[in-house]
Amino acid sequence: MNAISKPKLVAGQLFMNLTAATLSFLAKMLCGAKIRWRDSQPDTCQRIYFANHTSHLDAIVLWSSLPREVRNLTRAVAARDYWDSGMVRRHLTKALNLLLIDRQDISVRRSPIQLMLNEIGDTHSLIVFPEGGRSRTGDLGEFKSGLYYLSKKRPELELMPVYMDNMNRVLPRGEFLPVPLLSCITIGSPIWLEPGESKTDFLQRARHSVLQLKEEE
Amino acid sequence: MPGWMGQHFMLIAEAVDEPVRTNYARLFFIITVIVVLVILFGIGRLLKGQPESFIDPAIVRNFNKRITTWLAMTTILTAALLFSKTTIVVVFFLLSFWALREYITMTPTRRADHRTLFWAFILFTPLQYVLVGMGREIEFRMFDSTFDAYQLYSIMIPVYASLFIPFRTALSGDDRRFLERIAKIQFGLLVCVYALSYAPALLYMKLNYWNPENGQLEPWKYSNVGLLFYFIVIVQVNDVMQFIWDKMVGRKVIAPTINSTRTWEGFFGAAVCTSLVGMLIPVVFSDRITPFQWFGSGCMALVISVMGFAGSITMSAIKRDRGVNDYGTLVTGHAGVLDRIDSICFAAPVFYHVTRVFLEIKPSVESAGASETAQRLLQF
């Protein structure tokens, strides 16, 4: 049994790696993305990257811009209704190691927060888009509360603000053909949930940390 | 060397349709250029370590940046020359593409311009270079006639693209700042794609040269690779001359609000020096590099000098308008291709067309064959 399945497993893994490498190369070519670490360093410790969301390409571009060692330990959170349909998307989901979340069926028993925490264990990092969907105008919307609950359950995780510039021009909402412009990803210094900080205060502070990266452009 | 190798190793061998023989003059020319650049590179490294009282470190940094870029450009071009004309066209296509994306990234566009931009990037930019790379005499077996791609690539962007862009933008239904928006995209295509594509187009011209022995125009026997290389070298010489003259004797700034370093002294000094270098090239390397004699070469160098200056001033104006220092700073970490090729963009089409007016042998487009085809079609 083992002897038969092993080569198949290796070939499958190779195909996955190939897809991931190709995608990350394409994304870099297409968006010319350059990553800037501002007052922070790439590290393999457990982190939550939270970014503004304007384009379908955001997750792929951010994920593929991370250094390889970091990327291997990082999973982007994506919507199950979009990514779990069709062979191509399913393959991409596996290759990019996406973490799928059900947007419709949310209950206390199947809390997405708990699912994310279970999935990352104590090795992986996460990429989340706390606006909960792509912005229509390109401006930063209000944050949903998921980031707060994640941080409340695991207060030791570093929360890294990320600002992705120009992605809404590469592939805006409602378009399906990208224009190969140059984009830029800025990652700021980490924040943590302060003891006794209220939900609104924390979300405001998190949102402000992303906005600050935008203004420093 | 067998014929097929001649096709693929153009630097040493001659063009395809001629008996293959080594062009030592051109090899010598290219090696000279590379040696000069390497020496300049060495000088730059030496100056870097000097104390601030001896020389301004900002000037050294600028100088080093230029020399490094040119060394890279010359190396890439020489490598491309080793292969085929098509390789050179591809290199220029990539340059164009990168320049256009820098330009559009820097220029604010509206959401409604998305589809227009898509066509500019995905259709017009590659198509221009495909047409340039097709060469000047394409045979249509079916109609028994030949077609000159120049007839299409010389008008594709000025006619078809510049009419399509306003139309497509109008279709998107956003009328705010309409004229401004279409002008931005048209200008980007014109400078970054159309103008630059004339540099590789030089490779496909058939040229005469003036034979001083009998005073007649005769077909020039050598391949145009030397001509392209000559053009790039003259543009670079002009850039460095302007830089040196501005720094050494520059007093009267031409347009202080646009570019605070360009002076009248720099402009005239560079024009004279570049012309002198231009005159020197045919004297030293004979007519194997370009079809020009010393006088013609001096005039062409002067034209390149003036156009190169025009290019850098115009692109500076755009940068000032957008409030950036150079295209590279716009997105940190990117090289700023447009900063480096602005003078080439403006000089290439003018150099091409002036050469064309004086020296081109018109490709043998069989007008009789074409009209015969038309007549045959009309009979139906």
# chains A, B, ... in the order shown; residues from 1 in each chain; ligands from 1
call {"tool": "interface_residues", "arguments": {"of": "chain A", "to": "chain B", "cutoff": "12 Å", "atoms": "only C-alpha atoms", "output": "PyMOL selection string"}}
result
chain A and resi 29-37+136-138+164-186+217
call {"tool": "write_last_selection", "arguments": {"atoms": "N, CA and C atoms", "output": "CSV table (one decimal), in the first residue's frame"}}
result
chain,number,residue,atom,x,y,z
A,29,MET,N,5.4,39.2,-11.5
A,29,MET,CA,5.6,39.8,-12.8
A,29,MET,C,4.4,40.8,-13.1
A,30,LEU,N,3.2,40.3,-12.8
A,30,LEU,CA,2.0,41.0,-13.1
A,30,LEU,C,1.9,42.3,-12.2
A,31,CYS,N,2.2,42.2,-11.0
A,31,CYS,CA,2.0,43.3,-10.1
A,31,CYS,C,3.3,44.0,-9.8
A,32,GLY,N,4.4,43.5,-10.2
A,32,GLY,CA,5.7,44.1,-9.9
A,32,GLY,C,5.8,44.3,-8.4
A,33,ALA,N,5.2,43.5,-7.6
A,33,ALA,CA,5.1,43.8,-6.2
A,33,ALA,C,6.5,43.8,-5.5
A,34,LYS,N,6.7,44.8,-4.7
A,34,LYS,CA,7.9,44.9,-4.0
A,34,LYS,C,7.5,45.0,-2.5
A,35,ILE,N,8.1,44.2,-1.6
A,35,ILE,CA,7.7,44.3,-0.2
A,35,ILE,C,8.7,45.1,0.6
A,36,ARG,N,8.1,46.0,1.4
A,36,ARG,CA,8.9,46.8,2.3
A,36,ARG,C,8.6,46.5,3.7
A,37,TRP,N,9.6,46.3,4.5
A,37,TRP,CA,9.4,46.0,5.9
A,37,TRP,C,9.8,47.3,6.7
A,136,ARG,N,-15.0,48.9,-2.3
A,136,ARG,CA,-15.5,49.3,-3.6
A,136,ARG,C,-14.7,50.5,-4.2
A,137,THR,N,-14.3,51.4,-3.3
A,137,THR,CA,-13.7,52.6,-3.7
A,137,THR,C,-12.1,52.6,-3.7
A,138,GLY,N,-11.6,51.6,-3.0
A,138,GLY,CA,-10.1,51.6,-2.8
A,138,GLY,C,-9.8,52.2,-1.4
A,164,MET,N,-1.4,47.4,1.1
A,164,MET,CA,-1.1,47.1,-0.3
A,164,MET,C,-1.6,48.2,-1.2
A,165,ASP,N,-0.6,48.8,-1.8
A,165,ASP,CA,-0.9,50.0,-2.7
A,165,ASP,C,-1.0,49.6,-4.1
A,166,ASN,N,-2.0,50.3,-4.8
A,166,ASN,CA,-2.2,50.1,-6.2
A,166,ASN,C,-2.8,48.8,-6.7
A,167,MET,N,-3.1,47.9,-5.7
A,167,MET,CA,-3.8,46.7,-6.2
A,167,MET,C,-5.1,46.9,-6.8
A,168,ASN,N,-5.8,48.0,-6.3
A,168,ASN,CA,-7.2,48.2,-6.9
A,168,ASN,C,-7.1,48.7,-8.3
A,169,ARG,N,-5.8,49.2,-8.7
A,169,ARG,CA,-5.7,49.6,-10.1
A,169,ARG,C,-5.3,48.3,-11.0
A,170,VAL,N,-4.6,47.4,-10.4
A,170,VAL,CA,-4.2,46.2,-11.1
A,170,VAL,C,-5.4,45.4,-11.5
A,171,LEU,N,-6.3,45.1,-10.5
A,171,LEU,CA,-7.5,44.3,-10.8
A,171,LEU,C,-8.6,44.8,-9.8
A,172,PRO,N,-9.3,45.9,-10.3
A,172,PRO,CA,-10.4,46.4,-9.4
A,172,PRO,C,-11.6,45.4,-9.3
A,173,ARG,N,-12.4,45.7,-8.3
A,173,ARG,CA,-13.6,44.9,-8.1
A,173,ARG,C,-14.4,45.0,-9.3
A,174,GLY,N,-14.9,43.8,-9.8
A,174,GLY,CA,-15.8,43.8,-10.9
A,174,GLY,C,-15.1,43.6,-12.2
A,175,GLU,N,-13.8,43.7,-12.3
A,175,GLU,CA,-13.1,43.4,-13.5
A,175,GLU,C,-12.5,42.0,-13.5
A,176,PHE,N,-12.2,41.4,-14.6
A,176,PHE,CA,-11.6,40.1,-14.6
A,176,PHE,C,-10.3,40.1,-15.3
A,177,LEU,N,-9.9,41.2,-16.0
A,177,LEU,CA,-8.6,41.2,-16.7
A,177,LEU,C,-7.7,42.2,-16.0
A,178,PRO,N,-6.5,41.7,-15.6
A,178,PRO,CA,-5.6,42.6,-14.8
A,178,PRO,C,-4.8,43.5,-15.8
A,179,VAL,N,-4.4,44.7,-15.2
A,179,VAL,CA,-3.5,45.6,-15.9
A,179,VAL,C,-2.2,45.6,-15.2
A,180,PRO,N,-1.1,45.3,-15.8
A,180,PRO,CA,0.2,45.0,-15.1
A,180,PRO,C,0.9,46.3,-14.6
A,181,LEU,N,0.3,46.9,-13.6
A,181,LEU,CA,1.0,48.1,-13.0
A,181,LEU,C,1.9,47.7,-11.9
A,182,LEU,N,2.6,48.6,-11.3
A,182,LEU,CA,3.5,48.3,-10.2
A,182,LEU,C,2.8,48.6,-8.9
A,183,SER,N,2.8,47.6,-8.0
A,183,SER,CA,2.2,47.8,-6.7
A,183,SER,C,3.3,47.7,-5.7
A,184,CYS,N,2.9,48.0,-4.5
A,184,CYS,CA,3.9,48.1,-3.4
A,184,CYS,C,3.2,47.6,-2.1
A,185,ILE,N,3.9,46.7,-1.4
A,185,ILE,CA,3.4,46.2,-0.1
A,185,ILE,C,4.2,46.7,1.0
A,186,THR,N,3.6,47.4,2.0
A,186,THR,CA,4.3,47.8,3.2
A,186,THR,C,3.9,47.1,4.4
A,217,GLU,N,3.4,56.7,2.6
A,217,GLU,CA,3.9,56.4,1.3
A,217,GLU,C,4.8,57.5,0.7
call {"tool": "residues_around", "arguments": {"residues": "Ala149 of chain B", "least_positions_apart": "6", "cutoff": "9 Å", "atoms": "only C-alpha atoms", "output": "list of chain:residue names"}}
result
B:Leu131, B:Val132, B:Gly133, B:Met134, B:Gly135, B:Arg136, B:Glu137, B:Ile138
call {"tool": "residues_around", "arguments": {"residues": "Phe292 of chain B", "least_positions_apart": "2", "cutoff": "10 Å", "atoms": "only C-alpha atoms", "output": "VMD selection string"}}
result
chain B and resid 208 to 211 220 227 278 to 279 281 to 282 286 to 290 294 to 300 355 359
call {"tool": "write_last_selection", "arguments": {"atoms": "C-alpha atoms", "output": "mmCIF file, in the first residue's frame"}}
result
data_model
loop_
_atom_site.group_PDB
_atom_site.id
_atom_site.type_symbol
_atom_site.label_atom_id
_atom_site.label_comp_id
_atom_site.auth_asym_id
_atom_site.auth_seq_id
_atom_site.Cartn_x
_atom_site.Cartn_y
_atom_site.Cartn_z
ATOM 1 C CA ASN B 208 22.650 53.472 -49.183
ATOM 2 C CA TYR B 209 25.928 55.116 -48.421
ATOM 3 C CA TRP B 210 27.754 57.910 -50.164
ATOM 4 C CA ASN B 211 30.814 56.540 -51.870
ATOM 5 C CA TRP B 220 25.727 49.811 -47.967
ATOM 6 C CA LEU B 227 23.960 51.484 -36.680
ATOM 7 C CA GLY B 278 30.094 61.477 -33.943
ATOM 8 C CA MET B 279 32.593 62.745 -36.535
ATOM 9 C CA ILE B 281 33.556 57.355 -35.234
ATOM 10 C CA PRO B 282 33.592 56.997 -39.067
ATOM 11 C CA SER B 286 35.547 53.439 -41.338
ATOM 12 C CA ASP B 287 32.075 53.004 -42.850
ATOM 13 C CA ARG B 288 31.586 49.545 -41.385
ATOM 14 C CA ILE B 289 29.710 50.822 -38.322
ATOM 15 C CA THR B 290 27.338 53.297 -39.953
ATOM 16 C CA TRP B 294 32.306 62.020 -41.012
ATOM 17 C CA PHE B 295 30.141 65.013 -41.893
ATOM 18 C CA GLY B 296 26.885 63.088 -41.951
ATOM 19 C CA SER B 297 27.767 61.311 -38.733
ATOM 20 C CA GLY B 298 28.488 64.663 -37.033
ATOM 21 C CA CYS B 299 25.087 66.006 -38.145
ATOM 22 C CA MET B 300 23.302 62.864 -36.924
ATOM 23 C CA THR B 355 18.267 58.416 -41.936
ATOM 24 C CA LEU B 359 19.762 57.057 -47.216
#
call {"tool": "residues_around", "arguments": {"residues": "Tyr82 of chain A", "least_positions_apart": "6", "cutoff": "12 Å", "atoms": "only C-alpha atoms", "output": "PyMOL selection string"}}
result
chain A and resi 56+88-90+92-93+98+100-104
call {"tool": "write_last_selection", "arguments": {"atoms": "N, CA and C atoms", "output": "PDB file, in the first residue's frame"}}
result
ATOM      1  N   HIS A  56      -9.000  40.700  -5.979  1.00  0.00           N
ATOM      2  CA  HIS A  56      -8.915  39.254  -5.848  1.00  0.00           C
ATOM      3  C   HIS A  56      -7.486  38.767  -5.705  1.00  0.00           C
ATOM      4  N   VAL A  88     -10.046  23.802 -10.821  1.00  0.00           N
ATOM      5  CA  VAL A  88      -8.897  24.713 -10.839  1.00  0.00           C
ATOM      6  C   VAL A  88      -8.763  25.412  -9.500  1.00  0.00           C
ATOM      7  N   ARG A  89      -9.885  25.956  -9.004  1.00  0.00           N
ATOM      8  CA  ARG A  89      -9.833  26.697  -7.743  1.00  0.00           C
ATOM      9  C   ARG A  89      -9.452  25.792  -6.586  1.00  0.00           C
ATOM     10  N   ARG A  90      -9.966  24.538  -6.623  1.00  0.00           N
ATOM     11  CA  ARG A  90      -9.610  23.604  -5.551  1.00  0.00           C
ATOM     12  C   ARG A  90      -8.123  23.305  -5.560  1.00  0.00           C
ATOM     13  N   LEU A  92      -5.799  25.281  -6.738  1.00  0.00           N
ATOM     14  CA  LEU A  92      -5.115  26.487  -6.262  1.00  0.00           C
ATOM     15  C   LEU A  92      -5.165  26.574  -4.742  1.00  0.00           C
ATOM     16  N   THR A  93      -6.344  26.228  -4.202  1.00  0.00           N
ATOM     17  CA  THR A  93      -6.512  26.269  -2.753  1.00  0.00           C
ATOM     18  C   THR A  93      -5.470  25.403  -2.071  1.00  0.00           C
ATOM     19  N   LEU A  98      -4.471  27.599   1.175  1.00  0.00           N
ATOM     20  CA  LEU A  98      -5.443  28.560   1.696  1.00  0.00           C
ATOM     21  C   LEU A  98      -6.238  27.947   2.839  1.00  0.00           C
ATOM     22  N   LEU A 100      -9.850  27.871   4.237  1.00  0.00           N
ATOM     23  CA  LEU A 100     -11.175  28.285   3.780  1.00  0.00           C
ATOM     24  C   LEU A 100     -12.136  28.472   4.939  1.00  0.00           C
ATOM     25  N   ILE A 101     -12.881  29.550   4.883  1.00  0.00           N
ATOM     26  CA  ILE A 101     -13.841  29.879   5.925  1.00  0.00           C
ATOM     27  C   ILE A 101     -15.220  30.002   5.295  1.00  0.00           C
ATOM     28  N   ASP A 102     -16.191  29.386   5.945  1.00  0.00           N
ATOM     29  CA  ASP A 102     -17.560  29.473   5.462  1.00  0.00           C
ATOM     30  C   ASP A 102     -18.145  30.823   5.857  1.00  0.00           C
ATOM     31  N   ARG A 103     -18.551  31.602   4.847  1.00  0.00           N
ATOM     32  CA  ARG A 103     -19.084  32.921   5.184  1.00  0.00           C
ATOM     33  C   ARG A 103     -20.564  32.864   5.565  1.00  0.00           C
ATOM     34  N   GLN A 104     -21.261  31.827   5.022  1.00  0.00           N
ATOM     35  CA  GLN A 104     -22.694  31.746   5.285  1.00  0.00           C
ATOM     36  C   GLN A 104     -22.991  31.099   6.641  1.00  0.00           C
TER      37      GLN A 104
END
call {"tool": "residues_around", "arguments": {"residues": "Ser24 of chain A", "least_positions_apart": "2", "cutoff": "10 Å", "atoms": "only C-alpha atoms", "output": "count of residues only"}}
result
18
